[in-house]
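What follows is the content of coords.txt (compact mmCIF, C-alpha atoms).
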# COMPACT_ATOMS: atom_id res chain seq x y z
CA MET A 4 64.59 14.97 -4.09
CA GLU A 5 62.23 13.93 -6.87
CA LYS A 6 58.59 14.54 -6.12
CA GLN A 7 56.66 11.29 -5.69
CA LYS A 8 54.15 10.60 -8.43
CA PRO A 9 50.58 10.30 -7.09
CA THR A 10 49.00 6.86 -7.16
CA ILE A 11 45.96 6.05 -9.31
CA LEU A 12 43.78 6.07 -6.19
CA GLY A 13 45.25 9.43 -5.21
CA GLU A 14 44.47 10.87 -8.64
CA ILE A 15 40.89 9.57 -8.49
CA LEU A 16 40.22 10.89 -4.98
CA GLY A 17 42.07 14.19 -5.53
CA LEU A 18 41.98 15.10 -1.84
CA GLU A 19 44.15 18.14 -2.53
CA ASP A 20 41.18 19.66 -4.38
CA LEU A 21 39.35 19.93 -1.06
CA PHE A 22 41.91 22.54 0.00
CA SER A 23 42.46 24.21 -3.36
CA PRO A 24 41.41 27.90 -3.53
CA THR A 25 41.14 27.53 -7.31
CA VAL A 26 38.56 24.74 -7.01
CA TRP A 27 36.52 26.65 -4.46
CA ARG A 28 36.59 29.80 -6.59
CA ALA A 29 35.43 27.71 -9.52
CA SER A 30 32.63 26.28 -7.38
CA VAL A 31 31.28 29.80 -6.88
CA ALA A 32 30.89 30.09 -10.66
CA GLU A 33 29.06 26.75 -10.66
CA LEU A 34 26.79 27.98 -7.89
CA VAL A 35 25.92 31.25 -9.60
CA GLY A 36 25.69 29.65 -13.06
CA THR A 37 23.31 26.92 -11.91
CA ALA A 38 21.17 29.41 -10.01
CA ALA A 39 20.95 31.61 -13.11
CA LEU A 40 20.10 28.56 -15.23
CA VAL A 41 17.24 27.47 -12.96
CA PHE A 42 15.83 30.99 -12.66
CA THR A 43 15.93 31.78 -16.38
CA LEU A 44 14.99 28.34 -17.69
CA ASP A 45 12.05 27.87 -15.32
CA THR A 46 10.90 31.39 -16.12
CA ILE A 47 10.97 30.48 -19.80
CA ILE A 48 8.97 27.31 -19.11
CA ILE A 49 6.27 29.25 -17.26
CA SER A 50 6.18 32.03 -19.87
CA THR A 51 5.88 29.74 -22.89
CA ILE A 52 2.99 27.84 -21.30
CA GLN A 53 1.26 31.08 -20.31
CA MET A 54 1.52 32.41 -23.87
CA GLU A 55 -0.79 29.61 -25.05
CA THR A 56 0.89 29.41 -28.44
CA ARG A 57 0.47 26.47 -30.78
CA THR A 58 4.14 25.52 -30.52
CA PRO A 59 5.20 26.08 -26.89
CA ASN A 60 7.64 23.15 -27.05
CA LEU A 61 9.49 24.66 -30.02
CA ILE A 62 9.73 28.11 -28.44
CA LEU A 63 10.90 26.58 -25.16
CA SER A 64 13.57 24.52 -26.91
CA VAL A 65 14.99 27.46 -28.87
CA LEU A 66 15.13 29.74 -25.83
CA ALA A 67 16.62 26.94 -23.70
CA ALA A 68 19.37 26.40 -26.28
CA ILE A 69 20.21 30.12 -26.26
CA ILE A 70 20.33 30.55 -22.47
CA ILE A 71 22.33 27.35 -21.93
CA THR A 72 24.91 28.44 -24.51
CA ILE A 73 25.25 31.87 -22.89
CA LEU A 74 25.68 30.45 -19.38
CA ILE A 75 28.26 27.90 -20.49
CA LEU A 76 30.22 30.68 -22.20
CA ALA A 77 30.03 32.73 -19.00
CA THR A 78 31.18 29.98 -16.62
CA PHE A 79 33.63 27.97 -18.74
CA PRO A 80 36.71 30.19 -18.22
CA ILE A 81 36.28 29.87 -14.44
CA SER A 82 34.92 26.41 -13.70
CA GLY A 83 34.72 24.54 -17.00
CA GLY A 84 31.05 25.40 -17.46
CA HIS A 85 29.48 22.26 -16.00
CA ILE A 86 26.43 23.80 -14.23
CA ASN A 87 24.91 20.31 -14.32
CA PRO A 88 25.54 17.20 -12.18
CA LEU A 89 25.12 15.12 -15.34
CA VAL A 90 28.18 16.76 -16.89
CA THR A 91 30.18 16.64 -13.65
CA PHE A 92 29.46 12.95 -13.03
CA ALA A 93 30.38 12.09 -16.63
CA ALA A 94 33.64 14.03 -16.23
CA LEU A 95 34.35 12.07 -13.04
CA LEU A 96 33.72 8.68 -14.64
CA THR A 97 35.94 9.56 -17.60
CA ARG A 98 38.64 10.65 -15.12
CA LEU A 99 38.73 14.26 -16.25
CA ILE A 100 38.17 15.51 -12.70
CA SER A 101 38.74 14.04 -9.25
CA LEU A 102 36.10 12.64 -6.90
CA SER A 103 36.66 15.51 -4.47
CA LYS A 104 36.13 18.14 -7.15
CA ALA A 105 33.05 16.31 -8.44
CA ILE A 106 31.50 16.23 -4.97
CA ILE A 107 32.16 19.94 -4.46
CA TYR A 108 30.70 20.81 -7.87
CA ILE A 109 27.57 18.69 -7.47
CA LEU A 110 26.87 20.06 -3.99
CA VAL A 111 27.16 23.69 -5.11
CA GLN A 112 25.12 22.96 -8.25
CA CYS A 113 22.33 21.60 -6.05
CA ALA A 114 22.60 24.67 -3.82
CA GLY A 115 22.47 26.84 -6.94
CA GLY A 116 19.31 25.05 -8.04
CA VAL A 117 17.68 25.88 -4.72
CA PHE A 118 18.78 29.53 -4.86
CA GLY A 119 17.48 29.83 -8.42
CA ALA A 120 14.10 28.41 -7.40
CA LEU A 121 13.96 30.73 -4.37
CA ALA A 122 14.68 33.72 -6.62
CA LEU A 123 11.87 32.67 -8.95
CA LYS A 124 9.49 32.15 -6.03
CA ALA A 125 10.28 35.68 -4.86
CA VAL A 126 9.19 37.32 -8.14
CA VAL A 127 6.09 35.32 -9.11
CA ASP A 128 2.74 35.46 -7.39
CA GLY A 129 1.31 32.53 -5.45
CA GLU A 130 -1.14 31.53 -8.16
CA ILE A 131 1.55 31.17 -10.82
CA GLU A 132 3.76 29.26 -8.38
CA LYS A 133 0.91 26.85 -7.67
CA THR A 134 -0.25 26.48 -11.28
CA PHE A 135 3.17 25.93 -12.85
CA SER A 136 5.02 24.38 -9.87
CA LEU A 137 7.86 26.89 -10.36
CA GLY A 138 8.60 25.29 -13.73
CA GLY A 139 9.92 22.18 -11.98
CA CYS A 140 10.37 18.63 -13.29
CA THR A 141 7.17 16.62 -13.13
CA LEU A 142 6.06 13.17 -14.21
CA THR A 143 2.38 13.62 -13.36
CA VAL A 144 -0.11 16.30 -12.41
CA VAL A 145 -3.39 16.16 -10.53
CA ALA A 146 -6.17 17.80 -12.55
CA PRO A 147 -9.97 17.97 -12.34
CA GLY A 148 -11.75 15.23 -14.27
CA PRO A 149 -15.35 14.23 -14.99
CA ASN A 150 -15.35 12.01 -11.90
CA GLY A 151 -13.25 14.22 -9.64
CA LEU A 152 -9.50 14.70 -9.45
CA THR A 153 -7.43 12.52 -11.77
CA VAL A 154 -3.71 11.95 -12.13
CA THR A 155 -2.34 12.38 -15.64
CA GLY A 156 1.22 12.08 -16.87
CA LEU A 157 3.91 9.64 -17.88
CA GLU A 158 4.63 6.26 -16.33
CA THR A 159 7.78 6.07 -14.23
CA GLY A 160 9.39 3.43 -16.45
CA GLN A 161 8.89 5.48 -19.60
CA ALA A 162 10.26 8.62 -17.94
CA LEU A 163 13.31 6.73 -16.71
CA TRP A 164 14.10 5.43 -20.19
CA LEU A 165 13.73 8.94 -21.62
CA GLU A 166 16.19 10.29 -19.04
CA ILE A 167 18.69 7.53 -19.83
CA ILE A 168 18.41 7.82 -23.61
CA CYS A 169 18.37 11.63 -23.75
CA GLY A 170 21.22 11.85 -21.23
CA PHE A 171 23.39 9.46 -23.24
CA VAL A 172 22.56 11.19 -26.54
CA PHE A 173 23.52 14.54 -25.01
CA LEU A 174 26.90 13.23 -23.83
CA PHE A 175 27.52 11.33 -27.06
CA ALA A 176 26.48 14.11 -29.43
CA SER A 177 27.90 17.16 -27.68
CA GLY A 178 29.46 16.46 -24.30
CA TRP A 179 32.31 14.49 -25.82
CA MET A 180 33.20 17.46 -28.02
CA ALA A 181 33.82 19.49 -24.87
CA PHE A 182 35.73 16.66 -23.16
CA ASP A 183 37.89 15.82 -26.19
CA GLN A 184 40.63 18.43 -26.61
CA ARG A 185 41.14 17.48 -30.26
CA GLN A 186 37.55 18.20 -31.25
CA ALA A 187 37.37 21.32 -29.09
CA LYS A 188 40.49 22.68 -30.77
CA ALA A 189 39.29 21.77 -34.28
CA LEU A 190 35.81 23.22 -33.86
CA GLY A 191 36.58 26.11 -31.51
CA ARG A 192 35.19 26.47 -28.01
CA VAL A 193 32.37 28.82 -28.94
CA ASN A 194 31.13 26.46 -31.65
CA VAL A 195 31.26 23.55 -29.22
CA PHE A 196 29.17 25.46 -26.67
CA ILE A 197 26.64 26.40 -29.34
CA ILE A 198 26.37 22.74 -30.33
CA ILE A 199 25.83 21.76 -26.68
CA GLY A 200 23.02 24.31 -26.36
CA VAL A 201 21.41 23.19 -29.62
CA VAL A 202 21.58 19.50 -28.70
CA LEU A 203 20.01 20.14 -25.29
CA GLY A 204 17.30 22.25 -26.91
CA LEU A 205 16.55 19.49 -29.41
CA LEU A 206 16.37 16.88 -26.65
CA VAL A 207 13.95 19.05 -24.68
CA PHE A 208 11.80 19.37 -27.81
CA ILE A 209 11.94 15.64 -28.55
CA SER A 210 11.18 14.52 -24.99
CA THR A 211 8.18 16.83 -24.67
CA THR A 212 6.86 16.15 -28.17
CA VAL A 213 7.26 12.39 -28.44
CA THR A 214 5.20 11.84 -25.28
CA ALA A 215 2.63 14.63 -25.78
CA THR A 216 1.40 13.83 -22.27
CA LYS A 217 -0.09 16.47 -20.03
CA GLY A 218 1.63 16.50 -16.67
CA TYR A 219 5.03 15.37 -17.94
CA ALA A 220 7.47 18.26 -18.14
CA GLY A 221 9.96 16.48 -20.40
CA ALA A 222 13.41 15.07 -19.73
CA GLY A 223 15.08 16.93 -16.87
CA LEU A 224 18.66 16.40 -18.12
CA ASN A 225 19.87 18.34 -15.08
CA PRO A 226 19.20 16.90 -11.60
CA ALA A 227 20.09 20.18 -9.89
CA ARG A 228 17.45 22.04 -11.92
CA CYS A 229 14.86 19.47 -10.84
CA LEU A 230 15.97 19.49 -7.20
CA GLY A 231 15.67 23.25 -6.68
CA PRO A 232 11.92 23.62 -7.33
CA ALA A 233 11.24 20.31 -5.56
CA ILE A 234 12.82 21.62 -2.35
CA VAL A 235 11.28 25.08 -2.59
CA ARG A 236 7.82 24.09 -3.85
CA GLY A 237 7.60 20.47 -2.72
CA GLY A 238 4.32 18.58 -3.19
CA HIS A 239 3.97 16.46 -6.31
CA LEU A 240 7.41 17.58 -7.55
CA TRP A 241 8.80 14.83 -5.30
CA ASP A 242 6.68 12.18 -7.04
CA GLY A 243 9.14 10.11 -9.05
CA HIS A 244 11.88 12.69 -8.42
CA TRP A 245 14.45 9.89 -8.21
CA VAL A 246 13.99 9.34 -11.96
CA PHE A 247 15.72 12.67 -12.67
CA TRP A 248 18.79 11.44 -10.76
CA VAL A 249 18.96 7.73 -11.57
CA GLY A 250 18.36 8.22 -15.31
CA PRO A 251 21.24 10.67 -15.84
CA ALA A 252 23.51 8.57 -13.61
CA ILE A 253 22.91 5.48 -15.75
CA ALA A 254 23.47 7.57 -18.89
CA CYS A 255 26.84 8.71 -17.51
CA VAL A 256 27.90 5.14 -16.75
CA ALA A 257 26.90 4.04 -20.26
CA PHE A 258 28.82 6.97 -21.76
CA ALA A 259 31.91 6.20 -19.67
CA LEU A 260 31.83 2.59 -20.89
CA TYR A 261 31.50 3.84 -24.46
CA THR A 262 34.58 6.04 -24.09
CA LYS A 263 36.57 2.99 -22.95
CA LEU A 264 35.67 1.16 -26.16
CA ILE A 265 36.79 3.84 -28.62
CA PRO A 266 40.51 4.46 -29.35
CA HIS A 267 42.13 7.52 -27.77
CA GLN A 268 43.85 8.41 -31.03
CA LEU A 269 41.78 8.20 -34.18
CA SER A 270 43.03 8.42 -37.76
CA TYR A 271 40.83 10.17 -40.27
CA THR A 272 40.67 9.50 -43.98
CA ILE A 273 39.00 11.88 -46.37

Now, as a test, write the supplied structure out as structure tokens.
Amino acid sequence: MEKQKPTILGEILGLEDLFSPTVWRASVAELVGTAALVFTLDTIIISTIQMETRTPNLILSVLAAIIITILILATFPISGGHINPLVTFAALLTRLISLSKAIIYILVQCAGGVFGALALKAVVDGEIEKTFSLGGCTLTVVAPGPNGLTVTGLETGQALWLEIICGFVFLFASGWMAFDQRQAKALGRVNVFIIIGVVLGLLVFISTTVTATKGYAGAGLNPARCLGPAIVRGGHLWDGHWVFWVGPAIACVAFALYTKLIPHQLSYTI
């Protein structure tokens, strides 16, 4: 008897993924990869600020590009190397993965973010944790002023637009290379992952440089990375935290709409 072809709704939901050992094994890689990302990246953020160099944003961006590339290379053979709800949600909207798999991935990525922040909290002293907020995502900071404590940072609307724009640029400039089998094959997986790391590094540099506002930590571009320190450290990290989720979500929707407008098969002329 011929096996019945799954319906479109069945493909989207992918309920079989909930019981797939392969998916759950892959989710472990997402958990560990995201935890490693949060620990290393937030450590880099704290270290570059502590160094008091003239170009902390540049150093941060270069090191972020390197560590992201390495972690994607480490997790891709097992899980696809998402380690970011932004990537997972974009893959869901472009129908590369099922809803069930997306939910599993995003949940373990968030858990990984918390574990990474807990690991960082365990190795830094209380003063560094307080001063640098575990390297978390911030819009504002409360600092002493001439007339007492003042709040400095970026307005919520501006931060939201930066998340949307930077998120879309990331997916447009590099994410699509990973999603599109033709480009991945032409460029080679390693080159694609290097490009992804470089693009993210550049976006970190741009978002922190264009604003030049004390208190704003730059575009998050990874909701799980922002969530971890917010849960572990709390306090002002929750102020405007929704921006680091809503912005990437809108960017994913915009990217998914863009992919519907371009042809699936392109002809090239040289």

Considering all atoms listed in the file, give me a table of residues in segment 165-259 of chain A that are at most 12 Å from segment 45-48 of chain A, with the closest atom pair and distance in Å for each, as JSON lines.
{"residue": "A:Val207", "atom": "CA", "partner": "A:Ile48", "partner_atom": "CA", "distance": 11.1}
{"residue": "A:Thr211", "atom": "CA", "partner": "A:Ile48", "partner_atom": "CA", "distance": 11.9}
{"residue": "A:Ala220", "atom": "CA", "partner": "A:Ile48", "partner_atom": "CA", "distance": 9.2}
{"residue": "A:Gly221", "atom": "CA", "partner": "A:Ile48", "partner_atom": "CA", "distance": 11.0}
{"residue": "A:Gly223", "atom": "CA", "partner": "A:Asp45", "partner_atom": "CA", "distance": 11.5}
{"residue": "A:Arg228", "atom": "CA", "partner": "A:Asp45", "partner_atom": "CA", "distance": 8.6}
{"residue": "A:Cys229", "atom": "CA", "partner": "A:Asp45", "partner_atom": "CA", "distance": 9.9}
{"residue": "A:Gly231", "atom": "CA", "partner": "A:Asp45", "partner_atom": "CA", "distance": 10.4}
{"residue": "A:Pro232", "atom": "CA", "partner": "A:Asp45", "partner_atom": "CA", "distance": 9.1}

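Using all atoms listed in the file, the shortest contact distance between Thr134 of chain A and any of A:Ile49, A:Val172, A:Ile70, A:Ala105 is found at A:Ile49.
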
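With atom CA of Val111 of chain A on one side and atom CA of Ser23 of chain A on the other, the separation reads 15.4 Å.
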
What's around segment 78-94 of chain A at 9 Å? Count all atoms listed in the file, leave out sequence neighbours fewer than 2 positions away in its own chain, and write the answer as an mmCIF file with C-alpha atoms, in the frame of the given file.
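Saved as selection_30.cif:
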data_model
loop_
_atom_site.group_PDB
_atom_site.id
_atom_site.type_symbol
_atom_site.label_atom_id
_atom_site.label_comp_id
_atom_site.auth_asym_id
_atom_site.auth_seq_id
_atom_site.Cartn_x
_atom_site.Cartn_y
_atom_site.Cartn_z
ATOM 1 C CA THR A 25 41.140 27.530 -7.310
ATOM 2 C CA VAL A 26 38.560 24.740 -7.010
ATOM 3 C CA ARG A 28 36.590 29.800 -6.590
ATOM 4 C CA ALA A 29 35.430 27.710 -9.520
ATOM 5 C CA SER A 30 32.630 26.280 -7.380
ATOM 6 C CA VAL A 31 31.280 29.800 -6.880
ATOM 7 C CA ALA A 32 30.890 30.090 -10.660
ATOM 8 C CA GLU A 33 29.060 26.750 -10.660
ATOM 9 C CA LEU A 34 26.790 27.980 -7.890
ATOM 10 C CA VAL A 35 25.920 31.250 -9.600
ATOM 11 C CA GLY A 36 25.690 29.650 -13.060
ATOM 12 C CA THR A 37 23.310 26.920 -11.910
ATOM 13 C CA ALA A 38 21.170 29.410 -10.010
ATOM 14 C CA LEU A 40 20.100 28.560 -15.230
ATOM 15 C CA ILE A 73 25.250 31.870 -22.890
ATOM 16 C CA LEU A 74 25.680 30.450 -19.380
ATOM 17 C CA ILE A 75 28.260 27.900 -20.490
ATOM 18 C CA LEU A 76 30.220 30.680 -22.200
ATOM 19 C CA LEU A 96 33.720 8.680 -14.640
ATOM 20 C CA THR A 97 35.940 9.560 -17.600
ATOM 21 C CA ARG A 98 38.640 10.650 -15.120
ATOM 22 C CA LEU A 99 38.730 14.260 -16.250
ATOM 23 C CA ILE A 100 38.170 15.510 -12.700
ATOM 24 C CA SER A 101 38.740 14.040 -9.250
ATOM 25 C CA LYS A 104 36.130 18.140 -7.150
ATOM 26 C CA ALA A 105 33.050 16.310 -8.440
ATOM 27 C CA ILE A 106 31.500 16.230 -4.970
ATOM 28 C CA TYR A 108 30.700 20.810 -7.870
ATOM 29 C CA ILE A 109 27.570 18.690 -7.470
ATOM 30 C CA LEU A 110 26.870 20.060 -3.990
ATOM 31 C CA GLN A 112 25.120 22.960 -8.250
ATOM 32 C CA CYS A 113 22.330 21.600 -6.050
ATOM 33 C CA GLY A 115 22.470 26.840 -6.940
ATOM 34 C CA GLY A 170 21.220 11.850 -21.230
ATOM 35 C CA LEU A 174 26.900 13.230 -23.830
ATOM 36 C CA GLY A 178 29.460 16.460 -24.300
ATOM 37 C CA PHE A 182 35.730 16.660 -23.160
ATOM 38 C CA LEU A 224 18.660 16.400 -18.120
ATOM 39 C CA ASN A 225 19.870 18.340 -15.080
ATOM 40 C CA PRO A 226 19.200 16.900 -11.600
ATOM 41 C CA ALA A 227 20.090 20.180 -9.890
ATOM 42 C CA ARG A 228 17.450 22.040 -11.920
ATOM 43 C CA TRP A 248 18.790 11.440 -10.760
ATOM 44 C CA PRO A 251 21.240 10.670 -15.840
ATOM 45 C CA ALA A 252 23.510 8.570 -13.610
ATOM 46 C CA ALA A 254 23.470 7.570 -18.890
ATOM 47 C CA CYS A 255 26.840 8.710 -17.510
ATOM 48 C CA VAL A 256 27.900 5.140 -16.750
ATOM 49 C CA PHE A 258 28.820 6.970 -21.760
ATOM 50 C CA ALA A 259 31.910 6.200 -19.670
#

Practice task
Counting all atoms listed in the file, figure out which residue out of A:Val144, A:Ile167, A:Leu206, A:Ile265 gets nearest to His239 of chain A.
Solution key: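 Among the listed residues, A:Val144 lies closest to His239 of chain A.
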
Exercise for the section: Give me, please, the distance in Å between atom CA of Leu18 of chain A and atom CA of Val249 of chain A, quoted to one decimal. Expected result: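 So the two atoms, atom CA of Leu18 of chain A and atom CA of Val249 of chain A, lie 26.1 Å apart.
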
Practice task
For Ala176 of chain A, please output as an NGL selection string all residues within 9 Å (counting all atoms listed in the file; exclusion window: fewer than 3 positions along the same chain).
Solution key: :A and (171-173 or 179-180 or 198-199 or 202)

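Straight-line separation from atom CA of Thr216 of chain A to atom CA of Leu157 of chain A: 6.6 Å.
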
Exercise for the section: Using only C-alpha atoms, pick whichever of A:Ala120, A:Ala189, A:Leu165, A:Ala125 has the shortest atom-to-atom distance to Arg236 of chain A. Expected result: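 Residue with the minimum atom-to-atom distance to Arg236 of chain A: A:Ala120.
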
Could I get segment 188-270 of chain A from the block written as a PDB file, in the first residue's frame, with C-alpha atoms?
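And here is the file that came out, selection-v4.pdb:
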ATOM      1  CA  LYS A 188      27.321  24.483  -2.666  1.00  0.00           C
ATOM      2  CA  ALA A 189      28.923  27.164  -4.851  1.00  0.00           C
ATOM      3  CA  LEU A 190      30.676  28.960  -1.992  1.00  0.00           C
ATOM      4  CA  GLY A 191      31.380  26.002   0.299  1.00  0.00           C
ATOM      5  CA  ARG A 192      29.984  25.604   3.794  1.00  0.00           C
ATOM      6  CA  VAL A 193      33.052  26.915   5.590  1.00  0.00           C
ATOM      7  CA  ASN A 194      33.077  30.092   3.501  1.00  0.00           C
ATOM      8  CA  VAL A 195      29.373  30.606   4.164  1.00  0.00           C
ATOM      9  CA  PHE A 196      29.907  30.295   7.921  1.00  0.00           C
ATOM     10  CA  ILE A 197      32.804  32.747   7.786  1.00  0.00           C
ATOM     11  CA  ILE A 198      30.583  35.208   5.919  1.00  0.00           C
ATOM     12  CA  ILE A 199      27.855  34.786   8.553  1.00  0.00           C
ATOM     13  CA  GLY A 200      30.343  35.528  11.334  1.00  0.00           C
ATOM     14  CA  VAL A 201      31.747  38.554   9.502  1.00  0.00           C
ATOM     15  CA  VAL A 202      28.296  39.989   8.758  1.00  0.00           C
ATOM     16  CA  LEU A 203      27.223  39.621  12.394  1.00  0.00           C
ATOM     17  CA  GLY A 204      30.465  41.220  13.536  1.00  0.00           C
ATOM     18  CA  LEU A 205      29.937  44.144  11.172  1.00  0.00           C
ATOM     19  CA  LEU A 206      26.359  44.612  12.369  1.00  0.00           C
ATOM     20  CA  VAL A 207      27.519  44.646  15.991  1.00  0.00           C
ATOM     21  CA  PHE A 208      30.094  47.291  15.075  1.00  0.00           C
ATOM     22  CA  ILE A 209      27.578  49.381  13.131  1.00  0.00           C
ATOM     23  CA  SER A 210      24.841  49.239  15.769  1.00  0.00           C
ATOM     24  CA  THR A 211      27.199  50.251  18.578  1.00  0.00           C
ATOM     25  CA  THR A 212      29.008  52.909  16.552  1.00  0.00           C
ATOM     26  CA  VAL A 213      26.131  54.642  14.785  1.00  0.00           C
ATOM     27  CA  THR A 214      24.389  55.350  18.104  1.00  0.00           C
ATOM     28  CA  ALA A 215      27.483  56.086  20.223  1.00  0.00           C
ATOM     29  CA  THR A 216      25.145  56.159  23.218  1.00  0.00           C
ATOM     30  CA  LYS A 217      26.278  55.122  26.670  1.00  0.00           C
ATOM     31  CA  GLY A 218      23.939  52.539  28.127  1.00  0.00           C
ATOM     32  CA  TYR A 219      22.953  50.971  24.812  1.00  0.00           C
ATOM     33  CA  ALA A 220      24.720  47.660  24.266  1.00  0.00           C
ATOM     34  CA  GLY A 221      24.028  47.484  20.530  1.00  0.00           C
ATOM     35  CA  ALA A 222      21.687  45.293  18.505  1.00  0.00           C
ATOM     36  CA  GLY A 223      21.083  41.997  20.280  1.00  0.00           C
ATOM     37  CA  LEU A 224      20.508  39.952  17.091  1.00  0.00           C
ATOM     38  CA  ASN A 225      19.968  36.898  19.286  1.00  0.00           C
ATOM     39  CA  PRO A 226      17.009  36.890  21.707  1.00  0.00           C
ATOM     40  CA  ALA A 227      18.364  33.868  23.602  1.00  0.00           C
ATOM     41  CA  ARG A 228      21.626  35.697  24.325  1.00  0.00           C
ATOM     42  CA  CYS A 229      19.646  38.637  25.709  1.00  0.00           C
ATOM     43  CA  LEU A 230      17.287  36.430  27.724  1.00  0.00           C
ATOM     44  CA  GLY A 231      19.994  34.525  29.622  1.00  0.00           C
ATOM     45  CA  PRO A 232      21.583  37.477  31.464  1.00  0.00           C
ATOM     46  CA  ALA A 233      18.145  39.059  31.971  1.00  0.00           C
ATOM     47  CA  ILE A 234      16.925  35.980  33.866  1.00  0.00           C
ATOM     48  CA  VAL A 235      20.144  35.472  35.814  1.00  0.00           C
ATOM     49  CA  ARG A 236      20.950  39.124  36.560  1.00  0.00           C
ATOM     50  CA  GLY A 237      17.528  40.752  36.236  1.00  0.00           C
ATOM     51  CA  GLY A 238      17.138  44.430  37.130  1.00  0.00           C
ATOM     52  CA  HIS A 239      17.366  46.946  34.304  1.00  0.00           C
ATOM     53  CA  LEU A 240      18.104  44.164  31.790  1.00  0.00           C
ATOM     54  CA  TRP A 241      14.327  43.681  31.644  1.00  0.00           C
ATOM     55  CA  ASP A 242      13.780  47.332  30.675  1.00  0.00           C
ATOM     56  CA  GLY A 243      12.723  47.229  27.029  1.00  0.00           C
ATOM     57  CA  HIS A 244      13.695  43.549  26.810  1.00  0.00           C
ATOM     58  CA  TRP A 245      10.757  42.926  24.469  1.00  0.00           C
ATOM     59  CA  VAL A 246      12.606  44.949  21.804  1.00  0.00           C
ATOM     60  CA  PHE A 247      15.184  42.151  21.459  1.00  0.00           C
ATOM     61  CA  TRP A 248      12.367  39.711  20.621  1.00  0.00           C
ATOM     62  CA  VAL A 249       9.903  41.790  18.616  1.00  0.00           C
ATOM     63  CA  GLY A 250      12.586  43.377  16.413  1.00  0.00           C
ATOM     64  CA  PRO A 251      14.097  40.074  15.210  1.00  0.00           C
ATOM     65  CA  ALA A 252      10.613  38.582  14.770  1.00  0.00           C
ATOM     66  CA  ILE A 253       9.587  41.427  12.460  1.00  0.00           C
ATOM     67  CA  ALA A 254      12.882  41.078  10.580  1.00  0.00           C
ATOM     68  CA  CYS A 255      12.148  37.369  10.030  1.00  0.00           C
ATOM     69  CA  VAL A 256       8.666  38.115   8.695  1.00  0.00           C
ATOM     70  CA  ALA A 257      10.078  40.742   6.323  1.00  0.00           C
ATOM     71  CA  PHE A 258      12.751  38.297   5.150  1.00  0.00           C
ATOM     72  CA  ALA A 259      10.189  35.540   4.595  1.00  0.00           C
ATOM     73  CA  LEU A 260       8.094  37.916   2.475  1.00  0.00           C
ATOM     74  CA  TYR A 261      11.208  38.837   0.502  1.00  0.00           C
ATOM     75  CA  THR A 262      11.953  35.178  -0.244  1.00  0.00           C
ATOM     76  CA  LYS A 263       8.435  34.797  -1.659  1.00  0.00           C
ATOM     77  CA  LEU A 264       9.075  37.615  -4.132  1.00  0.00           C
ATOM     78  CA  ILE A 265      12.306  36.271  -5.627  1.00  0.00           C
ATOM     79  CA  PRO A 266      12.290  33.346  -8.104  1.00  0.00           C
ATOM     80  CA  HIS A 267      13.370  29.935  -6.819  1.00  0.00           C
ATOM     81  CA  GLN A 268      15.513  29.338  -9.887  1.00  0.00           C
ATOM     82  CA  LEU A 269      17.677  32.208 -11.056  1.00  0.00           C
ATOM     83  CA  SER A 270      19.610  32.447 -14.313  1.00  0.00           C
TER      84      SER A 270
END
